[in-house]
Every structure is written in C-alpha cells, then in structure tokens.
Amino acid sequence: MNFDKELDARGLNCPLPILRAKKALAEIPSGQVLKILSTDPGSVKDFAAFAKQTGNELLSTAEAGGDFTFFMKKK
Amino acid sequence: MDTKKMAIIATKGTLDWAYPPFILASTAAALGYETQIFFTFYGLQLVRKDTSGLKVSPLGNPGMPMKMPFGPKWFKDINWNMPNAIQAIIPGYENVATSLMKMTIANNGVATIPDLRGLCQEADVKFIACQMTVELFGFQHSDFIDGMEYGGAATFFEFAGETDICLFI
C-alpha cells in the first residue's frame, strides 16, 4: 500500500504508539496516509479505537511474526 | 461535535501509581479530549521538579510480583516471595526494589514518568495543584514544575462538572 509517512513504534508500549501516531498525523496534510509499525499486541485494538474516536480512517491492520503494521489515512 | 472532557484527581505518590493519571491523560488528549489533572495530597509528588522521590515498595503489597529484570529466562521467572518482616528490616530495600522496577519499565518499552508528564504538558493537559495540601505538606510553588496552576476544590468542580469522564486515582 502507498503511504506518505512512516512511524516506527516497535519496542514501545502503551500509550506511546498512540501518542507518537497522533504526533505523526499532525505533521501530514489531510488525506495522506501514515504507515505505523508496532510490536505492542494491545495496539491492534488501540489503533481501531483511536481511529473510531478521532475520525482518522484505519485502512488496514496486518500482523507478521510479532510485528503489526497499520495504515491510517488522516481525516 | 462538542469537545469531550476528562478530569482526574491524582492522590497517590508512588512510582506505580504515577502511571495511571499520566497514561490516561496523555491518551485522552491524543483522542481530542480537553483534560485536567488535579493533584492533591500525595499526588503532589507527581508534579515535583525532582521525581527521584517516586518509589515503589513490595512491602505490604501482595499484588506486586518481585522478579529480576536481568539474567537468563529461568532466573527472571522466579518470584522472590519475601515475608514482610524480612523486607522491613533490610536497609535500602525500597531503593533496590525501585531501581529494579525502573529497569523492568525500560526493558518493556514503557515511558518514564518525566517523559509521560512532558507528553501531557505538550498536549495541553492542564495541571492543577491543590493549594491546601501544598501548604499542609510545607511545599513551595518553586518545588513544582512550570505551568502548574494552584486552586482548591471549587476550582476542580468548575471543570469536573462539565466532564464526560471523571476519575479518582
């Protein structure tokens, strides 16, 4: 998937992946896509909840070997 | 849509209890909540310039596993269950437990308290210290980080009365 900015939040634990994602989203214009990498298993539900509450769109969630990848489109 | 609001009263002054108010407040701010924390009694410890006084003790705390943050896996898995009476007479026990906990926190990619506190301030979480307890415990305003406001219960209610979420921690 195409993306405009990447955030590596691997090794970080709650609530840092969300806080870093919020910051990264603030740095891109509306409509652009942020790719987020995380190793926190809690971040799967957290990013879905974050998207629902902030209006940013979670385009996809994927897991491979303990790494989670999210694509989020800025509102 | 109206901005959602959250208020927290932080009353505990130990390293473990320092986490919930700052984690919830920083996350609420990231979700777009207008957020305030009211620090009172021992919670004042969380907003001192010097956070080295924040400690954690397994003494009298049966919920806290005592595990070592280093060594091979079998060693890390041991729970060092020590009777309270023994914990109580070892000098510096609390300091050792605190530094082991800080090591565990770092190993798990969990933020430090000064970091989380800074993230809250960056996200415009408002910090209010209870003036009555500031005086009660003999603190000066200069003991606390910049950006604090000082007020009493009525100040808290002015904001808390309009919140969607209100927590006592």
# chains A, B, ... in the order shown; residues from 1 in each chain; ligands from 1

$ closest_atom_pairs --of "chain A" --to "chain B" --cutoff "10 Å" --atoms "only C-alpha atoms" --output "tab-separated table"
residue	atom	partner	partner_atom	distance
A:Ala9	CA	B:Gly109	CA	9.9
A:Arg10	CA	B:Gly109	CA	8.9
A:Gly11	CA	B:Gly109	CA	5.5
A:Leu12	CA	B:Gly109	CA	4.4
A:Asn13	CA	B:Val110	CA	5.2
A:Cys14	CA	B:Val110	CA	6.9
A:Pro15	CA	B:Ile23	CA	6.3
A:Leu16	CA	B:Ala111	CA	7.3
A:Ile18	CA	B:Thr27	CA	7.3
A:Leu19	CA	B:Ala30	CA	6.2
A:Arg20	CA	B:Ala30	CA	9.3
A:Ala21	CA	B:Ala30	CA	9.0
A:Lys22	CA	B:Ala30	CA	6.0
A:Lys23	CA	B:Ala30	CA	8.4
A:Asp40	CA	B:Gly109	CA	9.5
A:Ala49	CA	B:Leu31	CA	9.3
A:Phe50	CA	B:Leu31	CA	6.6
A:Ala51	CA	B:Leu31	CA	8.9
A:Lys52	CA	B:Leu31	CA	9.6
A:Gln53	CA	B:Leu31	CA	6.4
A:Thr54	CA	B:Leu31	CA	5.9
A:Gly55	CA	B:Leu31	CA	9.7

$ residues_around --residues "A:Leu34" --least-positions-apart "2" --cutoff "7 Å" --atoms "only C-alpha atoms" --output "VMD selection string"
chain A and resid 3 to 6 25 32 36 71 to 73

$ write_last_selection --atoms "C-alpha atoms" --output "PDB file, in the first residue's frame"
ATOM      1  CA  PHE A   3       1.951   5.776   2.186  1.00  0.00           C
ATOM      2  CA  ASP A   4       3.269   9.290   2.760  1.00  0.00           C
ATOM      3  CA  LYS A   5       4.963   8.937   6.138  1.00  0.00           C
ATOM      4  CA  GLU A   6       6.213   6.055   8.248  1.00  0.00           C
ATOM      5  CA  LEU A  25      -0.573  12.550  11.872  1.00  0.00           C
ATOM      6  CA  GLN A  32      -2.373  11.464   3.329  1.00  0.00           C
ATOM      7  CA  ILE A  36       2.743   2.580  11.581  1.00  0.00           C
ATOM      8  CA  PHE A  71      -2.126   2.158   7.528  1.00  0.00           C
ATOM      9  CA  MET A  72      -4.062   5.189   8.663  1.00  0.00           C
ATOM     10  CA  LYS A  73      -5.491   7.928   6.478  1.00  0.00           C
TER      11      LYS A  73
END

$ select_by_dssp --residues "chain B" --states "alpha helix (DSSP H)" --output "ChimeraX atom specification"
/B:15-30,73-76,84-89,93-107,113-122,131-136,153-160

$ write_last_selection --atoms "C-alpha atoms" --output "mmCIF file, in the first residue's frame"
data_model
loop_
_atom_site.group_PDB
_atom_site.id
_atom_site.type_symbol
_atom_site.label_atom_id
_atom_site.label_comp_id
_atom_site.auth_asym_id
_atom_site.auth_seq_id
_atom_site.Cartn_x
_atom_site.Cartn_y
_atom_site.Cartn_z
ATOM 1 C CA LEU B 15 6.115 5.285 41.186
ATOM 2 C CA ASP B 16 3.497 2.652 40.274
ATOM 3 C CA TRP B 17 0.545 4.961 40.956
ATOM 4 C CA ALA B 18 2.188 7.769 38.997
ATOM 5 C CA TYR B 19 1.431 5.916 35.754
ATOM 6 C CA PRO B 20 -2.389 5.747 35.514
ATOM 7 C CA PRO B 21 -3.073 9.528 35.657
ATOM 8 C CA PHE B 22 -0.384 10.390 33.085
ATOM 9 C CA ILE B 23 -1.163 7.466 30.747
ATOM 10 C CA LEU B 24 -4.890 8.216 30.742
ATOM 11 C CA ALA B 25 -4.459 11.980 30.465
ATOM 12 C CA SER B 26 -1.962 11.826 27.580
ATOM 13 C CA THR B 27 -4.124 9.289 25.719
ATOM 14 C CA ALA B 28 -7.279 11.334 26.307
ATOM 15 C CA ALA B 29 -5.508 14.381 24.911
ATOM 16 C CA ALA B 30 -4.450 12.354 21.838
ATOM 17 C CA LYS B 73 14.838 -16.586 31.462
ATOM 18 C CA TRP B 74 14.602 -19.180 34.265
ATOM 19 C CA PHE B 75 16.108 -16.611 36.656
ATOM 20 C CA LYS B 76 13.776 -13.817 35.507
ATOM 21 C CA ASN B 84 7.029 -8.648 55.036
ATOM 22 C CA ALA B 85 9.013 -8.862 58.277
ATOM 23 C CA ILE B 86 12.218 -9.550 56.334
ATOM 24 C CA GLN B 87 11.524 -6.849 53.716
ATOM 25 C CA ALA B 88 11.007 -4.363 56.526
ATOM 26 C CA ILE B 89 14.393 -4.814 58.205
ATOM 27 C CA TYR B 93 15.144 -2.431 50.310
ATOM 28 C CA GLU B 94 12.759 0.137 48.798
ATOM 29 C CA ASN B 95 15.555 1.765 46.795
ATOM 30 C CA VAL B 96 16.654 -1.589 45.371
ATOM 31 C CA ALA B 97 13.053 -2.546 44.507
ATOM 32 C CA THR B 98 12.579 0.856 42.842
ATOM 33 C CA SER B 99 15.681 0.601 40.686
ATOM 34 C CA LEU B 100 14.754 -2.953 39.653
ATOM 35 C CA MET B 101 11.274 -1.692 38.717
ATOM 36 C CA LYS B 102 12.775 1.167 36.684
ATOM 37 C CA MET B 103 14.926 -1.380 34.846
ATOM 38 C CA THR B 104 11.848 -3.510 34.123
ATOM 39 C CA ILE B 105 9.993 -0.427 32.869
ATOM 40 C CA ALA B 106 12.834 0.440 30.476
ATOM 41 C CA ASN B 107 13.127 -3.200 29.265
ATOM 42 C CA ILE B 113 7.267 9.378 34.377
ATOM 43 C CA PRO B 114 9.092 12.603 33.380
ATOM 44 C CA ASP B 115 8.554 11.609 29.705
ATOM 45 C CA LEU B 116 4.835 10.901 30.104
ATOM 46 C CA ARG B 117 4.380 14.054 32.149
ATOM 47 C CA GLY B 118 6.115 16.074 29.426
ATOM 48 C CA LEU B 119 3.881 14.487 26.765
ATOM 49 C CA CYS B 120 0.828 15.543 28.796
ATOM 50 C CA GLN B 121 2.060 19.112 29.006
ATOM 51 C CA GLU B 122 2.894 19.177 25.295
ATOM 52 C CA GLN B 131 -3.137 24.767 47.297
ATOM 53 C CA MET B 132 -4.334 23.495 50.673
ATOM 54 C CA THR B 133 -2.175 20.345 50.549
ATOM 55 C CA VAL B 134 0.762 22.298 49.083
ATOM 56 C CA GLU B 135 0.736 24.322 52.308
ATOM 57 C CA LEU B 136 -0.148 21.359 54.531
ATOM 58 C CA ALA B 153 -11.958 22.027 45.404
ATOM 59 C CA ALA B 154 -14.179 24.695 43.832
ATOM 60 C CA THR B 155 -11.637 25.114 41.023
ATOM 61 C CA PHE B 156 -11.801 21.376 40.396
ATOM 62 C CA PHE B 157 -15.602 21.321 40.259
ATOM 63 C CA GLU B 158 -15.752 24.201 37.801
ATOM 64 C CA PHE B 159 -14.211 21.917 35.186
ATOM 65 C CA ALA B 160 -15.220 18.483 36.552
#

$ select_by_dssp --residues "stretch 80-130 of chain B" --states "strand (DSSP E or B)" --output "PyMOL selection string"
chain B and resi 126-130

$ residues_around --residues "B:Ser142" --least-positions-apart "6" --cutoff "12 Å" --atoms "only C-alpha atoms" --output "PyMOL selection string"
chain B and resi 47-50+134+148

$ decode --residues "stretch 6-50 of chain A" --atoms "N, CA and C atoms" --output "short mmCIF file (atom, residue, chain, number, x, y, z; two decimals), in the first residue's frame"
data_model
loop_
_atom_site.label_atom_id
_atom_site.label_comp_id
_atom_site.auth_asym_id
_atom_site.auth_seq_id
_atom_site.Cartn_x
_atom_site.Cartn_y
_atom_site.Cartn_z
N GLU A 6 6.13 7.30 7.50
CA GLU A 6 6.21 6.05 8.25
C GLU A 6 6.60 6.33 9.70
N LEU A 7 5.96 5.61 10.62
CA LEU A 7 6.27 5.74 12.04
C LEU A 7 6.69 4.38 12.57
N ASP A 8 7.92 4.29 13.09
CA ASP A 8 8.39 3.05 13.67
C ASP A 8 8.19 3.10 15.19
N ALA A 9 7.16 2.45 15.68
CA ALA A 9 6.87 2.45 17.12
C ALA A 9 7.20 1.09 17.72
N ARG A 10 8.06 0.31 17.05
CA ARG A 10 8.40 -1.02 17.55
C ARG A 10 9.18 -0.91 18.85
N GLY A 11 8.88 -1.79 19.79
CA GLY A 11 9.57 -1.78 21.09
C GLY A 11 8.91 -0.85 22.10
N LEU A 12 7.99 -0.01 21.64
CA LEU A 12 7.31 0.91 22.56
C LEU A 12 6.02 0.30 23.08
N ASN A 13 5.68 0.67 24.29
CA ASN A 13 4.48 0.12 24.90
C ASN A 13 3.45 1.22 25.19
N CYS A 14 2.24 0.79 25.50
CA CYS A 14 1.11 1.68 25.75
C CYS A 14 1.48 2.79 26.72
N PRO A 15 1.14 4.06 26.51
CA PRO A 15 0.35 4.56 25.38
C PRO A 15 1.20 5.18 24.28
N LEU A 16 2.53 4.87 24.27
CA LEU A 16 3.43 5.58 23.36
C LEU A 16 3.11 5.42 21.87
N PRO A 17 2.75 4.19 21.37
CA PRO A 17 2.44 4.11 19.94
C PRO A 17 1.31 5.07 19.51
N ILE A 18 0.29 5.19 20.35
CA ILE A 18 -0.83 6.09 20.04
C ILE A 18 -0.37 7.55 20.06
N LEU A 19 0.41 7.90 21.10
CA LEU A 19 0.85 9.30 21.22
C LEU A 19 1.76 9.69 20.06
N ARG A 20 2.65 8.76 19.66
CA ARG A 20 3.56 9.04 18.54
C ARG A 20 2.76 9.14 17.24
N ALA A 21 1.74 8.29 17.08
CA ALA A 21 0.92 8.31 15.87
C ALA A 21 0.16 9.63 15.77
N LYS A 22 -0.36 10.08 16.89
CA LYS A 22 -1.09 11.34 16.92
C LYS A 22 -0.17 12.48 16.45
N LYS A 23 1.07 12.45 16.94
CA LYS A 23 2.05 13.48 16.58
C LYS A 23 2.39 13.40 15.08
N ALA A 24 2.60 12.16 14.60
CA ALA A 24 2.96 11.98 13.19
C ALA A 24 1.82 12.42 12.28
N LEU A 25 0.58 12.15 12.68
CA LEU A 25 -0.57 12.55 11.87
C LEU A 25 -0.67 14.08 11.79
N ALA A 26 -0.23 14.74 12.87
CA ALA A 26 -0.30 16.20 12.89
C ALA A 26 0.67 16.81 11.88
N GLU A 27 1.65 16.00 11.46
CA GLU A 27 2.69 16.52 10.55
C GLU A 27 2.38 16.27 9.08
N ILE A 28 1.25 15.60 8.77
CA ILE A 28 0.90 15.38 7.36
C ILE A 28 -0.45 16.03 7.06
N PRO A 29 -0.65 16.44 5.80
CA PRO A 29 -1.93 17.06 5.45
C PRO A 29 -3.06 16.03 5.37
N SER A 30 -4.27 16.52 5.46
CA SER A 30 -5.47 15.71 5.39
C SER A 30 -5.48 14.86 4.11
N GLY A 31 -5.87 13.58 4.25
CA GLY A 31 -5.96 12.71 3.08
C GLY A 31 -4.72 11.86 2.86
N GLN A 32 -3.60 12.25 3.49
CA GLN A 32 -2.37 11.46 3.33
C GLN A 32 -2.39 10.25 4.27
N VAL A 33 -1.51 9.27 3.96
CA VAL A 33 -1.54 8.00 4.69
C VAL A 33 -0.28 7.82 5.53
N LEU A 34 -0.49 7.43 6.78
CA LEU A 34 0.61 7.15 7.71
C LEU A 34 0.73 5.63 7.89
N LYS A 35 1.95 5.12 7.71
CA LYS A 35 2.21 3.71 7.98
C LYS A 35 2.81 3.61 9.38
N ILE A 36 2.26 2.72 10.20
CA ILE A 36 2.74 2.58 11.58
C ILE A 36 3.20 1.15 11.83
N LEU A 37 4.41 1.00 12.39
CA LEU A 37 4.90 -0.32 12.77
C LEU A 37 4.90 -0.41 14.29
N SER A 38 4.42 -1.53 14.82
CA SER A 38 4.34 -1.68 16.27
C SER A 38 4.58 -3.13 16.66
N THR A 39 5.09 -3.34 17.88
CA THR A 39 5.23 -4.70 18.40
C THR A 39 4.30 -4.92 19.60
N ASP A 40 3.53 -3.90 19.95
CA ASP A 40 2.63 -3.98 21.10
C ASP A 40 1.32 -4.65 20.69
N PRO A 41 1.05 -5.88 21.22
CA PRO A 41 -0.17 -6.59 20.82
C PRO A 41 -1.44 -5.79 21.16
N GLY A 42 -1.35 -4.94 22.19
CA GLY A 42 -2.51 -4.12 22.57
C GLY A 42 -2.82 -3.04 21.54
N SER A 43 -1.85 -2.76 20.66
CA SER A 43 -2.05 -1.65 19.72
C SER A 43 -3.08 -1.99 18.64
N VAL A 44 -3.37 -3.30 18.45
CA VAL A 44 -4.36 -3.67 17.44
C VAL A 44 -5.73 -3.07 17.78
N LYS A 45 -6.16 -3.32 19.00
CA LYS A 45 -7.44 -2.76 19.44
C LYS A 45 -7.32 -1.25 19.63
N ASP A 46 -6.15 -0.81 20.12
CA ASP A 46 -5.97 0.62 20.40
C ASP A 46 -6.05 1.48 19.14
N PHE A 47 -5.43 1.04 18.05
CA PHE A 47 -5.49 1.86 16.83
C PHE A 47 -6.89 1.88 16.23
N ALA A 48 -7.61 0.75 16.36
CA ALA A 48 -9.01 0.73 15.90
C ALA A 48 -9.84 1.73 16.71
N ALA A 49 -9.62 1.73 18.03
CA ALA A 49 -10.36 2.65 18.90
C ALA A 49 -9.96 4.10 18.65
N PHE A 50 -8.67 4.31 18.41
CA PHE A 50 -8.17 5.65 18.13
C PHE A 50 -8.82 6.20 16.85
#
